[in-house]
Amino acid sequence: MADDHPDPTTAPSLLNQITTRWSIVDDPTQLIVRYAPAVRKYLERLLKNSHDADEVSQEFVVRILDHKFAHASPERGRFRDYIKVAARNAALQYLRKRHTRDKLQADLNWMADDNADEGAGDWLGEWRQCLVDKAWRLLEGHESRTPGNLGYTVLKLSTENPQDSSDEMAARLSKTLGRELRADAFRKQLSRARRTFAQYLLEEIAATLKDPTPEMIKDEVTELGLLPYIQPYLPPEMA
């Protein structure tokens with residue numbers, strides 16, 4: 001799929017890059033690619049059954065493809081909240097169709113419990129992982145299109161080996177590349193990669209907000225628990 005994101009290393013301002021993309025609701029393919037993994041995991045934790053989650057997830061996807069989200073409105077709340085409610089309703093409908101009366105009542109009581117989400121899994125966690133995974137894919141694509149860019153590779157290596165020094169990681173990567181990569185060059189690539197990753201992540205978060213302002217984006221970043229990871233790279237208007 002084509003990457004519709006600008007190069008974050010050359011763009012002058014975060015807000016100049018971000019456009020309101022609530023319209024992804026009208027594009028079922030984009031919606032499925034971005035959020036289906038979070039929906040699938042959330043359904044399994046709600047239904048406590050992998051087979052049931054698969055079936056409901058498939059029905060949910062069909063609903064998207066049939067444009068049943070055509071009446072979604074950003075004024076009703078954040079996109080992730082809308083998707084959560086829609087997935088929860090799909091699970092409830094499935095339970096009503098498939099379960100016996102006693103089993104249905106028990107499950108409905110569970111689903112109606114205000115604390116059910118805590119026991120069934122963290123929807124915010126699933127949503128956050130979708131956003132992070134998307135940012136990783138964008139970073140990987142950026143590396144593949146940019147000669148000499150090792151951003152995805154060095155950031156992955158650093159993330160997976162947090163205790164290793166830049167000298168150790170540079171030496172390991174040199175063996176993989178078949179050429180020498182000095183530690184200072186590794187650090188430079190890593191610094192750029194972290195900034196680029198933060199930029200992509202901010203763009204993905206902003207895409208789920210209506211007319212995003214710096215304050216709105218920062219609030220969402222904070223609620224998703226991502227601020228500690230990208231705060232050093234926030235643009236001045238969000239600092």
# chains A, B, ... in the order shown; residues from 1 in each chain; ligands from 1
call {"tool": "residues_around", "arguments": {"residues": "stretch 151-165 of chain A", "least_positions_apart": "3", "cutoff": "8 Å", "atoms": "only C-alpha atoms", "output": "list in words"}}
result
Trp136, Leu139, Glu140, Glu143, Glu168, Met169, Phe186, Gln189, Leu190, Arg192, Ala193 and Arg194 of chain A
call {"tool": "residues_around", "arguments": {"residues": "A:Ala198", "least_positions_apart": "4", "cutoff": "10 Å", "atoms": "only C-alpha atoms", "output": "short mmCIF file (atom, residue, chain, number, x, y, z; two decimals) with N, CA and C atoms, in the first residue's frame"}}
result
data_model
loop_
_atom_site.label_atom_id
_atom_site.label_comp_id
_atom_site.auth_asym_id
_atom_site.auth_seq_id
_atom_site.Cartn_x
_atom_site.Cartn_y
_atom_site.Cartn_z
N PRO A 8 9.01 13.04 7.41
CA PRO A 8 9.03 13.86 8.63
C PRO A 8 10.37 14.54 8.86
N VAL A 132 1.26 2.07 17.36
CA VAL A 132 2.70 1.84 17.39
C VAL A 132 3.14 0.95 16.23
N ALA A 135 3.26 2.95 13.09
CA ALA A 135 4.44 3.80 13.04
C ALA A 135 5.69 2.99 12.67
N LEU A 139 8.06 3.60 9.41
CA LEU A 139 9.51 3.78 9.53
C LEU A 139 10.26 2.78 8.66
N ARG A 192 18.00 10.17 14.60
CA ARG A 192 17.06 10.52 13.54
C ARG A 192 15.88 9.57 13.53
N ALA A 193 16.13 8.29 13.76
CA ALA A 193 15.07 7.29 13.74
C ALA A 193 14.05 7.54 14.85
N ARG A 194 14.52 7.89 16.02
CA ARG A 194 13.62 8.16 17.13
C ARG A 194 12.72 9.36 16.83
N LEU A 202 2.78 10.57 16.10
CA LEU A 202 1.93 11.74 16.32
C LEU A 202 0.92 11.91 15.19
N GLU A 203 1.36 11.67 13.97
CA GLU A 203 0.45 11.80 12.83
C GLU A 203 -0.68 10.77 12.91
N GLU A 204 -0.34 9.53 13.29
CA GLU A 204 -1.37 8.50 13.40
C GLU A 204 -2.38 8.83 14.50
N LEU A 226 1.81 7.29 25.93
CA LEU A 226 2.94 7.37 25.00
C LEU A 226 3.81 8.60 25.20
N LEU A 227 3.40 9.50 26.07
CA LEU A 227 4.13 10.76 26.23
C LEU A 227 5.59 10.56 26.65
N TYR A 229 7.65 8.45 25.81
CA TYR A 229 8.47 7.95 24.72
C TYR A 229 8.72 9.00 23.63
N ILE A 230 7.79 9.93 23.50
CA ILE A 230 7.93 10.89 22.40
C ILE A 230 8.05 12.34 22.86
N GLN A 231 7.99 12.58 24.17
CA GLN A 231 8.06 13.95 24.68
C GLN A 231 9.31 14.70 24.22
N PRO A 232 10.48 14.03 24.19
CA PRO A 232 11.67 14.78 23.73
C PRO A 232 11.59 15.27 22.28
N TYR A 233 10.65 14.72 21.52
CA TYR A 233 10.57 15.04 20.10
C TYR A 233 9.33 15.85 19.74
N LEU A 234 8.60 16.32 20.76
CA LEU A 234 7.42 17.13 20.49
C LEU A 234 7.83 18.45 19.86
#
call {"tool": "select_by_dssp", "arguments": {"residues": "stretch 119-173 of chain A", "states": "alpha helix (DSSP H)", "output": "PyMOL selection string"}}
result
chain A and resi 119-120+123-145+151-160+166-173
call {"tool": "write_last_selection", "arguments": {"atoms": "N, CA and C atoms", "output": "compact mmCIF listing (two decimals), in the first residue's frame"}}
result
# COMPACT_ATOMS: atom_id res chain seq x y z
N GLY A 119 -11.22 -6.55 33.39
CA GLY A 119 -11.04 -7.99 33.39
C GLY A 119 -10.88 -8.54 31.99
N ALA A 120 -11.49 -7.90 31.01
CA ALA A 120 -11.47 -8.43 29.65
C ALA A 120 -10.26 -7.95 28.86
N TRP A 123 -8.56 -1.97 26.33
CA TRP A 123 -8.82 -1.47 24.97
C TRP A 123 -7.80 -0.40 24.58
N LEU A 124 -7.45 0.45 25.53
CA LEU A 124 -6.44 1.46 25.23
C LEU A 124 -5.12 0.81 24.83
N GLY A 125 -4.80 -0.30 25.49
CA GLY A 125 -3.57 -1.00 25.17
C GLY A 125 -3.58 -1.57 23.76
N GLU A 126 -4.73 -2.14 23.35
CA GLU A 126 -4.83 -2.68 22.00
C GLU A 126 -4.76 -1.56 20.96
N TRP A 127 -5.44 -0.46 21.25
CA TRP A 127 -5.45 0.69 20.34
C TRP A 127 -4.04 1.26 20.21
N ARG A 128 -3.39 1.40 21.37
CA ARG A 128 -2.02 1.92 21.37
C ARG A 128 -1.10 1.03 20.54
N GLN A 129 -1.25 -0.28 20.66
CA GLN A 129 -0.39 -1.18 19.91
C GLN A 129 -0.61 -1.05 18.41
N CYS A 130 -1.86 -0.83 18.00
CA CYS A 130 -2.16 -0.62 16.58
C CYS A 130 -1.42 0.62 16.06
N LEU A 131 -1.47 1.68 16.83
CA LEU A 131 -0.80 2.92 16.42
C LEU A 131 0.71 2.74 16.35
N VAL A 132 1.26 2.07 17.36
CA VAL A 132 2.70 1.84 17.39
C VAL A 132 3.14 0.95 16.23
N ASP A 133 2.36 -0.11 15.97
CA ASP A 133 2.69 -1.01 14.86
C ASP A 133 2.67 -0.25 13.53
N LYS A 134 1.69 0.65 13.37
CA LYS A 134 1.62 1.43 12.15
C LYS A 134 2.84 2.33 11.99
N ALA A 135 3.26 2.95 13.09
CA ALA A 135 4.44 3.80 13.04
C ALA A 135 5.69 2.99 12.67
N TRP A 136 5.79 1.78 13.20
CA TRP A 136 6.92 0.91 12.83
C TRP A 136 6.90 0.60 11.34
N ARG A 137 5.73 0.31 10.80
CA ARG A 137 5.65 -0.01 9.37
C ARG A 137 6.04 1.19 8.51
N LEU A 138 5.60 2.37 8.94
CA LEU A 138 5.96 3.58 8.20
C LEU A 138 7.46 3.84 8.24
N LEU A 139 8.06 3.60 9.41
CA LEU A 139 9.51 3.78 9.53
C LEU A 139 10.26 2.78 8.66
N GLU A 140 9.77 1.55 8.63
CA GLU A 140 10.39 0.53 7.79
C GLU A 140 10.29 0.92 6.31
N GLY A 141 9.13 1.42 5.92
CA GLY A 141 8.95 1.85 4.54
C GLY A 141 9.85 3.02 4.19
N HIS A 142 10.01 3.94 5.14
CA HIS A 142 10.88 5.09 4.93
C HIS A 142 12.32 4.64 4.70
N GLU A 143 12.77 3.66 5.48
CA GLU A 143 14.12 3.13 5.32
C GLU A 143 14.31 2.49 3.95
N SER A 144 13.32 1.71 3.53
CA SER A 144 13.45 0.99 2.26
C SER A 144 13.49 1.92 1.06
N ARG A 145 12.90 3.13 1.20
CA ARG A 145 12.85 4.07 0.09
C ARG A 145 14.02 5.06 0.09
N GLY A 151 17.23 3.76 9.68
CA GLY A 151 16.42 4.13 10.83
C GLY A 151 15.67 2.98 11.46
N TYR A 152 14.91 2.25 10.65
CA TYR A 152 14.14 1.13 11.19
C TYR A 152 15.05 0.09 11.81
N THR A 153 16.13 -0.23 11.12
CA THR A 153 17.05 -1.27 11.59
C THR A 153 17.70 -0.91 12.91
N VAL A 154 18.21 0.32 13.01
CA VAL A 154 18.91 0.70 14.24
C VAL A 154 17.95 0.87 15.41
N LEU A 155 16.74 1.38 15.15
CA LEU A 155 15.79 1.55 16.24
C LEU A 155 15.29 0.21 16.75
N LYS A 156 15.05 -0.73 15.85
CA LYS A 156 14.67 -2.07 16.26
C LYS A 156 15.76 -2.70 17.10
N LEU A 157 17.00 -2.59 16.63
CA LEU A 157 18.14 -3.17 17.33
C LEU A 157 18.29 -2.57 18.71
N SER A 158 18.14 -1.25 18.81
CA SER A 158 18.25 -0.58 20.09
C SER A 158 17.11 -0.96 21.03
N THR A 159 15.91 -1.08 20.49
CA THR A 159 14.74 -1.44 21.30
C THR A 159 14.87 -2.86 21.85
N GLU A 160 15.38 -3.75 21.03
CA GLU A 160 15.49 -5.15 21.42
C GLU A 160 16.71 -5.43 22.29
N SER A 166 26.26 1.60 22.15
CA SER A 166 26.23 1.89 20.72
C SER A 166 27.41 1.22 20.01
N ASP A 167 28.53 1.07 20.70
CA ASP A 167 29.67 0.37 20.10
C ASP A 167 29.33 -1.09 19.82
N GLU A 168 28.65 -1.73 20.78
CA GLU A 168 28.28 -3.13 20.61
C GLU A 168 27.26 -3.30 19.49
N MET A 169 26.28 -2.42 19.45
CA MET A 169 25.26 -2.55 18.42
C MET A 169 25.81 -2.20 17.04
N ALA A 170 26.69 -1.22 16.98
CA ALA A 170 27.30 -0.86 15.70
C ALA A 170 28.14 -2.02 15.17
N ALA A 171 28.86 -2.69 16.06
CA ALA A 171 29.67 -3.84 15.65
C ALA A 171 28.79 -4.98 15.15
N ARG A 172 27.69 -5.22 15.84
CA ARG A 172 26.78 -6.28 15.42
C ARG A 172 26.16 -5.97 14.07
N LEU A 173 25.73 -4.72 13.90
CA LEU A 173 25.09 -4.33 12.65
C LEU A 173 26.11 -4.33 11.50
call {"tool": "atom_distance", "arguments": {"atom1": "atom CA of A:Pro147", "atom2": "atom CA of A:Ala185"}}
result
14.9 Å
